[in-house]
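**Student:** This is coords.cif (mmCIF, C-alpha atoms).
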```cif
data_target
#
loop_
_atom_site.label_atom_id
_atom_site.label_comp_id
_atom_site.auth_asym_id
_atom_site.auth_seq_id
_atom_site.Cartn_x
_atom_site.Cartn_y
_atom_site.Cartn_z
CA MET A 1 70.73 112.05 -149.03
CA GLU A 2 69.04 111.47 -145.64
CA ILE A 3 68.38 107.90 -144.69
CA LYS A 4 65.31 107.25 -142.25
CA LYS A 5 65.63 104.67 -139.50
CA PRO A 6 62.85 102.22 -139.07
CA ASN A 7 60.34 103.00 -136.22
CA ASN A 8 60.89 100.15 -133.75
CA THR A 9 58.10 101.43 -131.49
CA GLU A 10 55.46 100.96 -134.09
CA ILE A 11 56.75 97.51 -135.06
CA THR A 12 56.44 96.25 -131.45
CA ARG A 13 52.97 97.75 -130.76
CA LYS A 14 51.17 95.86 -133.47
CA PRO A 15 51.89 92.37 -132.21
CA SER A 16 51.17 93.58 -128.59
CA GLY A 17 47.54 94.47 -129.48
CA LYS A 18 46.89 90.99 -130.87
CA ARG A 19 48.26 89.37 -127.74
CA ALA A 20 46.02 91.49 -125.53
CA ALA A 21 42.99 90.46 -127.51
CA LEU A 22 43.90 86.85 -127.05
CA ILE A 23 44.28 87.30 -123.31
CA VAL A 24 40.86 88.98 -123.02
CA PHE A 25 39.28 86.18 -125.02
CA ALA A 26 40.87 83.56 -122.76
CA ILE A 27 39.59 85.31 -119.63
CA LEU A 28 36.08 85.35 -121.03
CA LEU A 29 36.27 81.64 -121.73
CA VAL A 30 37.39 80.96 -118.12
CA LEU A 31 34.58 83.06 -116.64
CA ALA A 32 32.04 81.30 -118.81
CA GLY A 33 33.35 77.93 -117.61
CA ILE A 34 33.10 78.98 -113.95
CA GLY A 35 29.52 80.08 -114.47
CA VAL A 36 28.55 76.77 -116.01
CA TYR A 37 30.20 74.85 -113.12
CA SER A 38 28.52 77.01 -110.55
CA HIS A 39 25.17 76.47 -112.22
CA LYS A 40 25.66 72.69 -112.20
CA SER A 41 26.76 72.74 -108.58
CA SER A 42 23.69 74.74 -107.54
CA ASN A 43 21.45 72.28 -109.36
CA ALA A 44 23.14 69.33 -107.65
CA LYS A 45 22.59 70.58 -104.03
CA PRO A 46 18.89 69.76 -103.71
CA GLN A 47 19.56 66.23 -104.93
CA GLN A 48 22.26 65.77 -102.29
CA SER A 49 20.02 66.95 -99.41
CA ALA A 50 17.31 64.58 -100.53
CA GLN A 51 19.70 61.68 -99.89
CA THR A 52 20.22 62.39 -96.10
CA PRO A 53 21.21 59.11 -94.39
CA PRO A 54 18.76 57.49 -91.88
CA ALA A 55 19.13 58.31 -88.18
CA PHE A 56 20.98 55.86 -85.97
CA VAL A 57 18.82 54.58 -83.09
CA ARG A 58 18.90 52.00 -80.35
CA ILE A 59 15.91 49.81 -79.58
CA GLN A 60 14.56 47.71 -76.74
CA THR A 61 12.29 44.71 -77.10
CA VAL A 62 9.05 45.19 -75.18
CA ALA A 63 8.59 42.53 -72.49
CA ALA A 64 5.97 42.19 -69.74
CA ASP A 65 8.35 40.66 -67.21
CA LYS A 66 8.89 43.23 -64.48
CA THR A 67 7.28 44.23 -61.19
CA VAL A 68 6.44 47.85 -60.41
CA ARG A 69 5.31 49.14 -57.03
CA ASP A 70 3.83 52.32 -55.59
CA SER A 71 5.42 52.63 -52.15
CA ILE A 72 5.95 54.88 -49.13
CA VAL A 73 9.72 54.91 -48.64
CA GLN A 74 11.39 55.85 -45.35
CA ASN A 75 14.84 55.43 -43.82
CA MET A 76 14.89 53.18 -40.77
CA SER A 77 16.98 51.05 -38.43
CA ILE A 78 15.88 47.75 -36.94
CA ASP A 79 15.75 46.44 -33.40
CA ALA A 80 14.62 43.25 -31.68
CA VAL A 81 10.94 42.99 -30.83
CA ASN A 82 11.87 41.49 -27.43
CA ARG A 83 14.95 43.09 -25.90
CA VAL A 84 15.86 43.44 -22.22
CA ARG A 85 18.63 45.42 -20.59
CA MET A 86 19.22 43.69 -17.26
CA ILE A 87 19.75 46.03 -14.28
CA PRO A 88 20.09 44.90 -10.63
CA ARG A 89 17.46 45.90 -8.08
CA VAL A 90 20.06 46.35 -5.36
CA THR A 91 23.50 47.83 -4.89
CA GLY A 92 26.37 45.39 -4.63
CA ARG A 93 29.67 44.14 -5.98
CA LEU A 94 29.77 41.84 -8.96
CA GLU A 95 30.92 38.40 -7.89
CA ARG A 96 30.79 36.76 -11.33
CA LEU A 97 29.40 37.39 -14.80
CA HIS A 98 28.39 33.99 -16.17
CA VAL A 99 27.85 35.05 -19.82
CA LYS A 100 29.69 37.12 -22.39
CA GLN A 101 28.79 39.05 -25.50
CA GLY A 102 27.52 36.83 -28.31
CA ASP A 103 26.44 33.95 -26.05
CA ARG A 104 23.02 32.39 -26.57
CA VAL A 105 21.07 31.99 -23.33
CA ARG A 106 17.92 30.20 -22.26
CA ALA A 107 15.16 31.58 -20.05
CA GLY A 108 16.14 31.09 -16.40
CA GLN A 109 19.85 30.65 -17.14
CA LEU A 110 22.22 32.20 -14.58
CA VAL A 111 23.61 35.48 -15.93
CA ALA A 112 25.31 37.29 -13.03
CA THR A 113 25.91 36.91 -9.32
CA LEU A 114 26.45 39.76 -6.87
CA GLU A 115 28.13 39.28 -3.50
CA HIS A 116 25.42 38.17 -1.06
CA ASP A 117 27.19 36.89 2.11
CA GLN A 118 25.11 39.12 4.38
CA GLN A 119 21.91 37.86 2.80
CA ASP A 120 23.03 34.25 3.32
CA ALA A 121 23.74 34.98 6.97
CA LEU A 122 20.39 36.67 7.41
CA ILE A 123 18.64 33.71 5.82
CA GLY A 124 20.43 31.39 8.23
CA SER A 125 19.41 33.53 11.20
CA THR A 126 15.76 33.70 10.22
CA GLN A 127 15.66 29.99 9.48
CA ALA A 128 17.00 29.33 13.00
CA GLN A 129 14.29 31.59 14.42
CA LEU A 130 11.75 29.66 12.41
CA ALA A 131 12.99 26.36 13.82
CA SER A 132 12.75 27.76 17.34
CA ALA A 133 9.25 29.03 16.69
CA LYS A 134 8.20 25.62 15.37
CA ALA A 135 9.58 23.96 18.54
CA GLU A 136 7.74 26.47 20.71
CA ALA A 137 4.54 25.78 18.82
CA GLU A 138 4.98 22.04 19.33
CA ARG A 139 5.49 22.56 23.10
CA ALA A 140 2.43 24.78 23.30
CA ARG A 141 0.44 22.23 21.37
CA ALA A 142 1.50 19.48 23.78
CA GLU A 143 0.43 21.57 26.78
CA MET A 144 -2.86 22.34 25.10
CA MET A 145 -3.53 18.68 24.34
CA ASN A 146 -2.72 17.75 27.93
CA ALA A 147 -5.07 20.44 29.25
CA LYS A 148 -7.76 19.20 26.88
CA THR A 149 -7.39 15.66 28.17
CA ASN A 150 -7.75 16.85 31.81
CA LEU A 151 -10.77 18.89 30.85
CA GLU A 152 -12.47 15.86 29.28
CA ARG A 153 -11.65 13.73 32.35
CA TYR A 154 -13.09 16.31 34.76
CA GLN A 155 -16.20 16.51 32.64
CA ARG A 156 -16.86 12.84 33.38
CA LEU A 157 -15.97 13.22 37.05
CA VAL A 158 -18.41 16.10 37.44
CA LYS A 159 -21.15 14.07 35.83
CA GLU A 160 -20.40 11.09 38.14
CA GLY A 161 -20.24 13.34 41.23
CA PHE A 162 -16.57 12.77 41.99
CA SER A 163 -15.48 16.37 41.25
CA THR A 164 -16.79 19.82 41.98
CA GLN A 165 -17.77 22.44 39.47
CA GLN A 166 -15.03 24.73 40.83
CA GLN A 167 -12.34 22.20 39.98
CA TYR A 168 -13.83 21.76 36.52
CA ASP A 169 -13.80 25.52 35.92
CA THR A 170 -10.14 25.72 36.91
CA ILE A 171 -9.22 22.93 34.47
CA GLU A 172 -11.26 24.62 31.71
CA THR A 173 -9.41 27.91 32.29
CA THR A 174 -6.09 26.11 32.05
CA TYR A 175 -7.15 24.55 28.74
CA ALA A 176 -8.19 27.91 27.32
CA SER A 177 -4.86 29.42 28.35
CA THR A 178 -2.82 26.63 26.73
CA ARG A 179 -4.92 26.86 23.55
CA ALA A 180 -4.27 30.61 23.37
CA SER A 181 -0.56 30.03 23.86
CA TYR A 182 -0.58 27.46 21.06
CA ASN A 183 -2.38 29.82 18.65
CA ALA A 184 0.11 32.58 19.52
CA SER A 185 3.03 30.27 18.82
CA LEU A 186 1.49 29.31 15.46
CA ALA A 187 1.11 32.99 14.53
CA LYS A 188 4.72 33.64 15.46
CA GLU A 189 5.82 30.66 13.39
CA ARG A 190 3.94 31.96 10.37
CA GLN A 191 5.43 35.40 10.86
CA ILE A 192 8.99 34.10 10.98
CA ALA A 193 8.31 31.82 7.98
CA ALA A 194 7.18 34.86 6.00
CA GLU A 195 10.34 36.69 7.03
CA VAL A 196 12.42 33.75 5.78
CA GLU A 197 10.69 33.96 2.40
CA ARG A 198 11.24 37.71 2.29
CA VAL A 199 14.94 37.34 3.03
CA LYS A 200 15.26 34.59 0.44
CA SER A 201 13.51 36.80 -2.13
CA THR A 202 15.90 39.63 -1.33
CA ARG A 203 18.81 37.26 -1.82
CA MET A 204 17.48 36.47 -5.33
CA ASP A 205 18.02 40.11 -6.23
CA TYR A 206 21.74 39.34 -5.99
CA ILE A 207 21.45 36.35 -8.35
CA MET A 208 20.21 37.35 -11.82
CA HIS A 209 18.72 34.97 -14.39
CA ALA A 210 17.88 35.45 -18.09
CA PRO A 211 14.24 36.52 -18.51
CA MET A 212 13.92 34.89 -21.94
CA ASP A 213 15.67 32.94 -24.68
CA GLY A 214 18.00 35.18 -26.64
CA THR A 215 21.49 36.40 -27.43
CA VAL A 216 23.74 38.56 -25.28
CA LEU A 217 24.25 41.74 -27.32
CA ASN A 218 26.39 43.50 -24.71
CA ASP A 219 28.12 42.42 -21.50
CA TYR A 220 29.43 45.94 -20.78
CA ALA A 221 32.93 44.54 -20.19
CA LEU A 222 32.23 44.05 -16.49
CA ALA A 223 34.85 42.43 -14.27
CA PRO A 224 34.42 40.78 -10.84
CA GLY A 225 34.50 43.36 -8.07
CA ALA A 226 32.75 46.07 -10.07
CA MET A 227 30.34 48.07 -7.94
CA LEU A 228 26.84 47.98 -9.38
CA SER A 229 23.69 49.93 -8.61
CA PRO A 230 20.10 50.00 -9.91
CA SER A 231 21.33 52.33 -12.66
CA SER A 232 24.17 50.02 -13.82
CA PRO A 233 23.30 47.62 -16.69
CA ILE A 234 24.76 44.12 -16.47
CA ALA A 235 23.73 42.52 -19.78
CA ASP A 236 21.70 43.37 -22.89
CA ILE A 237 19.74 40.32 -24.08
CA ALA A 238 17.57 40.20 -27.21
CA ASP A 239 15.53 37.61 -29.05
CA LEU A 240 16.84 37.93 -32.61
CA SER A 241 14.16 35.74 -34.19
CA LYS A 242 11.74 38.68 -34.50
CA LEU A 243 12.90 42.14 -35.54
CA LYS A 244 11.07 45.42 -35.91
CA ALA A 245 11.48 48.86 -37.43
CA THR A 246 9.71 52.12 -36.67
CA LEU A 247 8.80 54.48 -39.52
CA ARG A 248 7.48 58.05 -39.56
CA VAL A 249 4.68 58.15 -42.14
CA PRO A 250 3.38 61.53 -43.40
CA GLU A 251 -0.08 62.54 -42.26
CA LEU A 252 -1.39 62.51 -45.84
CA LYS A 253 -0.51 58.82 -46.16
CA ILE A 254 -1.53 57.58 -42.72
CA PHE A 255 -4.98 56.38 -43.83
CA VAL A 256 -3.45 54.48 -46.72
CA VAL A 257 -1.41 52.28 -44.39
CA LYS A 258 -3.21 49.24 -42.96
CA PRO A 259 -2.09 46.46 -40.58
CA GLY A 260 -0.73 43.52 -42.52
CA MET A 261 0.43 45.56 -45.53
CA PRO A 262 3.69 44.17 -47.00
CA VAL A 263 6.90 46.11 -46.41
CA LEU A 264 10.11 45.63 -48.40
CA LEU A 265 13.38 46.32 -46.59
CA LYS A 266 16.84 46.99 -47.98
CA PHE A 267 19.97 47.41 -45.87
CA ASP A 268 23.20 49.25 -46.59
CA ALA A 269 25.18 46.30 -45.24
CA LEU A 270 23.50 43.88 -47.70
CA PRO A 271 23.35 45.70 -51.06
CA GLY A 272 21.24 44.12 -53.76
CA GLU A 273 19.16 42.07 -51.31
CA GLU A 274 15.55 42.64 -50.32
CA PHE A 275 13.63 41.33 -47.31
CA GLN A 276 9.92 41.34 -46.56
CA GLY A 277 8.07 42.33 -43.41
CA ALA A 278 4.58 43.55 -42.55
CA VAL A 279 2.88 46.45 -40.80
CA THR A 280 1.93 45.41 -37.24
CA ARG A 281 0.98 48.65 -35.48
CA ILE A 282 -0.13 52.16 -36.47
CA ASP A 283 0.04 54.95 -33.93
CA PRO A 284 -3.30 56.82 -33.85
CA TYR A 285 -1.51 59.96 -32.73
CA VAL A 286 -0.20 62.52 -35.28
CA ASP A 287 2.81 64.49 -34.10
CA PRO A 288 1.90 68.17 -34.63
CA ALA A 289 5.57 69.13 -34.94
CA THR A 290 6.36 66.76 -37.82
CA ARG A 291 2.84 65.98 -39.12
CA THR A 292 3.71 62.28 -39.08
CA SER A 293 2.52 59.13 -37.31
CA THR A 294 4.57 56.19 -36.11
CA VAL A 295 4.18 52.89 -37.94
CA GLU A 296 5.80 49.72 -36.64
CA ILE A 297 6.74 46.82 -38.87
CA GLU A 298 8.04 43.34 -38.05
CA LEU A 299 9.96 40.70 -39.97
CA ASP A 300 10.93 37.10 -39.33
CA ASN A 301 14.71 36.94 -39.05
CA ALA A 302 14.68 33.17 -39.52
CA LYS A 303 13.58 33.72 -43.14
CA THR A 304 16.71 35.82 -43.72
CA GLY A 305 19.03 33.12 -42.41
CA ASP A 306 19.40 35.07 -39.12
CA ARG A 307 21.68 37.54 -40.90
CA LEU A 308 20.00 40.72 -39.73
CA ARG A 309 21.15 42.40 -36.54
CA PRO A 310 19.65 45.11 -34.33
CA GLY A 311 20.94 48.53 -35.30
CA MET A 312 21.31 47.85 -39.05
CA PHE A 313 20.33 50.85 -41.21
CA GLY A 314 18.44 50.84 -44.47
CA GLN A 315 15.21 51.74 -46.27
CA ALA A 316 11.70 50.42 -45.79
CA SER A 317 9.05 50.61 -48.52
CA ILE A 318 5.41 50.16 -47.53
CA VAL A 319 3.81 48.75 -50.68
CA GLU A 320 0.56 50.55 -51.55
CA ARG A 321 0.10 48.96 -54.98
CA GLU A 322 2.00 46.29 -56.89
CA PHE A 323 1.78 45.33 -60.56
CA LYS A 324 3.45 42.14 -61.72
CA ASN A 325 4.24 41.29 -65.36
CA ALA A 326 4.40 45.00 -66.11
CA VAL A 327 5.92 46.69 -69.19
CA LEU A 328 8.66 49.16 -68.30
CA ILE A 329 10.64 51.35 -70.69
CA PRO A 330 13.23 54.10 -70.11
CA GLN A 331 11.66 57.50 -69.55
CA SER A 332 13.95 58.86 -72.28
CA ALA A 333 11.93 56.84 -74.83
CA LEU A 334 8.75 58.71 -73.96
CA HIS A 335 7.75 61.87 -75.87
CA GLY A 336 4.94 64.41 -75.73
CA ILE A 337 3.01 65.85 -72.80
CA GLU A 338 0.91 64.17 -70.15
CA GLU A 339 -2.26 64.27 -72.22
CA ALA A 340 -0.60 62.95 -75.40
CA ARG A 341 2.27 60.60 -74.66
CA TYR A 342 3.84 58.66 -77.51
CA VAL A 343 6.86 56.55 -78.40
CA PHE A 344 8.50 55.45 -81.64
CA VAL A 345 8.40 51.80 -82.63
CA GLU A 346 10.88 50.47 -85.18
CA GLN A 347 9.28 48.40 -87.95
CA ASP A 348 11.40 47.25 -90.92
CA GLY A 349 13.71 50.26 -90.63
CA ILE A 350 10.87 52.77 -90.28
CA ALA A 351 10.04 54.78 -87.13
CA LYS A 352 6.33 54.48 -86.35
CA GLU A 353 4.74 56.88 -83.88
CA ARG A 354 2.64 55.08 -81.25
CA LYS A 355 0.39 56.65 -78.63
CA VAL A 356 0.76 55.02 -75.22
CA GLU A 357 -0.77 55.12 -71.75
CA THR A 358 1.54 55.40 -68.75
CA GLY A 359 1.39 54.23 -65.14
CA LEU A 360 3.85 54.28 -62.27
CA ARG A 361 7.41 55.56 -62.37
CA GLN A 362 10.15 53.40 -60.94
CA GLY A 363 13.65 54.85 -60.95
CA ASN A 364 14.54 55.84 -64.53
CA GLU A 365 11.77 53.72 -66.02
CA ILE A 366 8.04 54.22 -66.51
CA GLN A 367 5.21 51.72 -66.73
CA ILE A 368 3.33 51.44 -70.02
CA THR A 369 -0.26 50.36 -69.43
CA GLY A 370 -1.47 50.57 -73.01
CA GLY A 371 -0.25 51.05 -76.59
CA LEU A 372 2.63 48.55 -76.68
CA LYS A 373 2.66 44.78 -77.06
CA PRO A 374 5.35 42.32 -75.94
CA GLY A 375 7.83 41.65 -78.72
CA GLU A 376 7.65 45.08 -80.33
CA GLU A 377 10.83 47.13 -80.73
CA VAL A 378 10.61 50.53 -79.08
CA ILE A 379 13.24 53.19 -79.88
CA ILE A 380 14.95 54.17 -76.62
CA PHE A 381 17.77 56.35 -77.99
CA GLY A 382 18.10 58.64 -80.99
CA GLY A 383 14.40 59.46 -81.28
CA ALA A 384 14.47 63.07 -80.09
CA ASN A 385 14.02 64.56 -83.58
CA LEU A 386 12.34 61.65 -85.35
CA LYS A 387 9.15 61.96 -87.32
CA ASP A 388 6.54 59.36 -88.05
CA GLY A 389 7.55 57.30 -91.09
CA GLU A 390 11.20 58.37 -91.07
CA LYS A 391 13.83 55.78 -91.95
CA VAL A 392 16.15 54.66 -89.16
CA THR A 393 19.18 52.44 -88.80
CA VAL A 394 19.31 50.25 -85.70
CA GLN A 395 22.60 50.53 -83.88
CA GLU A 396 23.50 47.25 -82.26
CA THR A 397 24.39 47.44 -78.59
CA LYS A 398 27.72 45.87 -77.82
CA ALA A 399 27.64 43.30 -75.09
CA GLU A 400 29.62 44.29 -72.01
CA SER A 401 32.60 42.11 -71.43
#
```
Output the structure of this file as structure tokens.

**Tutor:**
Amino acid sequence: MEIKKPNNTEITRKPSGKRAALIVFAILLVLAGIGVYSHKSSNAKPQQSAQTPPAFVRIQTVAADKTVRDSIVQNMSIDAVNRVRMIPRVTGRLERLHVKQGDRVRAGQLVATLEHDQQDALIGSTQAQLASAKAEAERARAEMMNAKTNLERYQRLVKEGFSTQQQYDTIETTYASTRASYNASLAKERQIAAEVERVKSTRMDYIMHAPMDGTVLNDYALAPGAMLSPSSPIADIADLSKLKATLRVPELKIFVVKPGMPVLLKFDALPGEEFQGAVTRIDPYVDPATRTSTVEIELDNAKTGDRLRPGMFGQASIVEREFKNAVLIPQSALHGIEEARYVFVEQDGIAKERKVETGLRQGNEIQITGGLKPGEEVIIFGGANLKDGEKVTVQETKAES
């Protein structure tokens, strides 16, 4: 009898088909769940975008507390209004320099002496000649007076008949001769006296005095014995109480500038400080090479505490217009074009668009002439993409330590 073995292959296939069905069913459930989640996620996105947080901005309180100016600005250096470089009229050796750099001098004060022995000797010689001429004039005068007396006596004798006319004529001729000699001696005396004055004046060329009150800016480090000539400076003296600066103003602006206009000066040596002067002279000539005219300004150094010195470099601003109590905001806070300028004002966390009128620019700021009131909060940072009515969050500015 043949015995049949059980078919193991068939036994194992049956349960395998059930398992596969279960796996397929599970996969379908997973895909269905993913679809539902994706659908919920897609529905949630619009709600999330609608809750975009407000923009962070910085604000500035509007205040009408600044001064803005429209100015012509030029580089310049200052010098003394009255400044003299002393140069001798004659050639000679320096005997002594009586002042040094930095000394204050008065008008007429002795500054320098050149060797003048020859001039002293010449003065002595001419003075002796003058004394001799005076003595000669006195002698001639005495002779003349004696001849005059004889002439008067012979006049009486002729009238009384005790003298002849020939004797009288001889006495008269003698008187005329002595009078001519006296006049000649007087002329010679005057001539020699004039020569004495000339020699004395020449001697003064060797003795130099300060022409004005001032300060010695330079003594040229001269030592006794130095040979000087009319091209050799001895001392540079300046009155530092009044200073001046010369500017080159463009031709297009020359008719804007008027005498007396205020000028503000800043110097590299004194940063952060500002000094005031005024226009004193305007050159009527326009340089064809540069198309500019020269404008001279002056300032009172006493009002600066005498701190300014000739040669200092800086900038001068001729003020055309000045507005005090002006409103200035950063130019970055301004939006739009020239015909339609606007800013954003923060009000209770909302950005409000505000049309404004602008004026002068000063550095990185611009003048607002209309549209803003003191006390309002203007957005100065973070407003590039803002829209009217958009919510904003004010970012507090940390105080610098």

**Student:** Just checking: using only C-alpha atoms, which residue out of A:Ser201, A:Asn150, A:Thr215, A:Gln119 ends up closest to Ala107 (chain A)?

**Tutor:** A:Thr215

**Student:** Could you state which residues are captured by the PyMOL selection byres ((chain A and resi 310) around 8) in this file, as a list in words?

**Tutor:**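 Selected by the PyMOL selection byres ((chain A and resi 310) around 8) in this file: Ser77, Ile78, Asp79, Ala80, Leu240, Leu243, Leu308, Arg309, Gly311 and Met312 of chain A.
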
**Student:** In Å to one decimal, how far is CA of Arg83 (chain A) from CA of Leu97 (chain A)?

**Tutor:** 19.1 Å

**Student:** What would the selection look like, as a list of chain:residue names, if the PyMOL selection byres ((chain A and resi 340) around 12) were run on the coordinates I just shared?

**Tutor:** A:Leu334, A:His335, A:Gly336, A:Ile337, A:Glu338, A:Glu339, A:Arg341, A:Tyr342, A:Val343, A:Glu353, A:Arg354, A:Lys355, A:Val356, A:Glu357, A:Thr358, A:Gly371

**Student:** Restricting the calculation to all atoms listed in the file: of A:Leu228, A:Ala135, A:Met204, A:Ala223, which residue gets closest to Ile87 (chain A)?

**Tutor:**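 Closest candidate: A:Leu228.
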
**Student:** Suppose you want the space between CA of Ala194 (chain A) and CA of Glu136 (chain A); what is it in Å?

**Tutor:**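 Pair CA of Ala194 (chain A) / CA of Glu136 (chain A) returns 16.9 Å.
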
**Student:** Looking at A:Asp268, A:Glu346, A:Glu115, A:Asp205, which one is nearest to Ile379 (chain A), with distances taken over only C-alpha atoms?

**Tutor:** A:Glu346

**Student:** Would you be able to write out as a compact mmCIF listing (two decimals) with C-alpha atoms, keeping the file's coordinate frame which residues have an atom within 7 Å of (23.9, 34.2, -15.4) in the file's coordinates, counting only C-alpha atoms?

**Tutor:**
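Written output follows (result_2.txt):
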```txt
# COMPACT_ATOMS: atom_id res chain seq x y z
CA LEU A 97 29.40 37.39 -14.80
CA HIS A 98 28.39 33.99 -16.17
CA VAL A 99 27.85 35.05 -19.82
CA GLN A 109 19.85 30.65 -17.14
CA LEU A 110 22.22 32.20 -14.58
CA VAL A 111 23.61 35.48 -15.93
CA ALA A 112 25.31 37.29 -13.03
CA THR A 113 25.91 36.91 -9.32
CA MET A 208 20.21 37.35 -11.82
CA HIS A 209 18.72 34.97 -14.39
CA ALA A 210 17.88 35.45 -18.09
```

**Student:** Which is closest to Gly102 (chain A) among A:Glu189, A:Glu197, A:Asp219, A:Glu320, if we use all atoms listed in the file?

**Tutor:** A:Asp219

**Student:** How far is it from CA of Ala55 (chain A) to CA of Glu377 (chain A), in Å with one decimal?

**Tutor:**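 Computed distance, CA of Ala55 (chain A) to CA of Glu377 (chain A), equals 15.8 Å.
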
**Student:** Which residues come within 8 Å of Ile380 (chain A), counting all atoms listed in the file, excluding same-chain residues fewer than 6 positions away, as a PyMOL selection string?

**Tutor:** chain A and resi 57-60+329-330+332-333

**Student:** A:Val199, A:Met227, A:Leu328, A:Val394: which is nearest Gln367 (chain A), counting only C-alpha atoms?

**Tutor:**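 Selected residue with least distance to Gln367 (chain A): A:Leu328.
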
**Student:** Quick one: of A:Gln191, A:Asn325, A:Ser231, A:Thr369, who's nearest to Ala133 (chain A), counting only C-alpha atoms?

**Tutor:**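 Nearest candidate to Ala133 (chain A) out of A:Gln191, A:Asn325, A:Ser231, A:Thr369: A:Gln191.
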
**Student:** For Tyr182 (chain A), please output as a PyMOL selection string all residues within 7 Å (counting all atoms listed in the file; exclusion window: fewer than 6 positions along the same chain).

**Tutor:** chain A and resi 137+140-141+144

**Student:** Apply the PyMOL selection byres ((chain A and resi 176) around 12) to the file shown and report the selected residues as a ChimeraX atom specification.

**Tutor:** /A:140-141,143-148,150-151,169-175,177-183

**Student:** Excluding Leu217 (chain A) and residues on its chain fewer than 6 positions from it, collect all residues at most 7 Å away from it, counting all atoms listed in the file, and give them as number ranges by chain.

**Tutor:** A: 101-102, 236-238

**Student:** Do you know which residues are at most 12 Å from Thr393 (chain A) counting all atoms listed in the file, after dropping those on the same chain fewer than 2 positions away, and could you put them as a list of chain:residue names?

**Tutor:**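 Listing them by chain and then by number gives A:Pro53, A:Pro54, A:Ala55, A:Phe56, A:Val57, A:Arg58, A:Ile59, A:Glu346, A:Gln347, A:Asp348, A:Gly349, A:Ile350, A:Ala351, A:Ile379, A:Phe381, A:Gly382, A:Gly383, A:Leu386, A:Glu390, A:Lys391, A:Gln395, A:Glu396.
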
**Student:** Could you give me region 75-86 of chain A completed to N, CA and C atoms, formatted as a PDB file, in the frame of the given file?

**Tutor:**
```
ATOM      1  N   ASN A  75      13.635  55.982 -44.439  1.00  0.00           N
ATOM      2  CA  ASN A  75      14.840  55.430 -43.820  1.00  0.00           C
ATOM      3  C   ASN A  75      14.472  54.837 -42.457  1.00  0.00           C
ATOM      4  N   MET A  76      15.216  53.816 -42.049  1.00  0.00           N
ATOM      5  CA  MET A  76      14.890  53.180 -40.770  1.00  0.00           C
ATOM      6  C   MET A  76      16.102  52.388 -40.291  1.00  0.00           C
ATOM      7  N   SER A  77      16.052  52.008 -39.013  1.00  0.00           N
ATOM      8  CA  SER A  77      16.980  51.050 -38.430  1.00  0.00           C
ATOM      9  C   SER A  77      16.164  50.039 -37.659  1.00  0.00           C
ATOM     10  N   ILE A  78      16.659  48.827 -37.547  1.00  0.00           N
ATOM     11  CA  ILE A  78      15.880  47.750 -36.940  1.00  0.00           C
ATOM     12  C   ILE A  78      16.350  47.462 -35.529  1.00  0.00           C
ATOM     13  N   ASP A  79      15.457  46.845 -34.772  1.00  0.00           N
ATOM     14  CA  ASP A  79      15.750  46.440 -33.400  1.00  0.00           C
ATOM     15  C   ASP A  79      14.986  45.150 -33.140  1.00  0.00           C
ATOM     16  N   ALA A  80      15.328  44.469 -32.046  1.00  0.00           N
ATOM     17  CA  ALA A  80      14.620  43.250 -31.680  1.00  0.00           C
ATOM     18  C   ALA A  80      13.257  43.602 -31.091  1.00  0.00           C
ATOM     19  N   VAL A  81      12.260  42.780 -31.405  1.00  0.00           N
ATOM     20  CA  VAL A  81      10.940  42.990 -30.830  1.00  0.00           C
ATOM     21  C   VAL A  81      11.005  42.811 -29.314  1.00  0.00           C
ATOM     22  N   ASN A  82      11.694  41.750 -28.856  1.00  0.00           N
ATOM     23  CA  ASN A  82      11.870  41.490 -27.430  1.00  0.00           C
ATOM     24  C   ASN A  82      13.334  41.704 -27.071  1.00  0.00           C
ATOM     25  N   ARG A  83      13.585  42.751 -26.298  1.00  0.00           N
ATOM     26  CA  ARG A  83      14.950  43.090 -25.900  1.00  0.00           C
ATOM     27  C   ARG A  83      14.934  43.614 -24.469  1.00  0.00           C
ATOM     28  N   VAL A  84      15.843  43.099 -23.637  1.00  0.00           N
ATOM     29  CA  VAL A  84      15.860  43.440 -22.220  1.00  0.00           C
ATOM     30  C   VAL A  84      17.278  43.860 -21.828  1.00  0.00           C
ATOM     31  N   ARG A  85      17.363  44.993 -21.179  1.00  0.00           N
ATOM     32  CA  ARG A  85      18.630  45.420 -20.590  1.00  0.00           C
ATOM     33  C   ARG A  85      18.539  45.133 -19.091  1.00  0.00           C
ATOM     34  N   MET A  86      19.317  44.157 -18.638  1.00  0.00           N
ATOM     35  CA  MET A  86      19.220  43.690 -17.260  1.00  0.00           C
ATOM     36  C   MET A  86      19.951  44.649 -16.318  1.00  0.00           C
TER      37      MET A  86
END
```
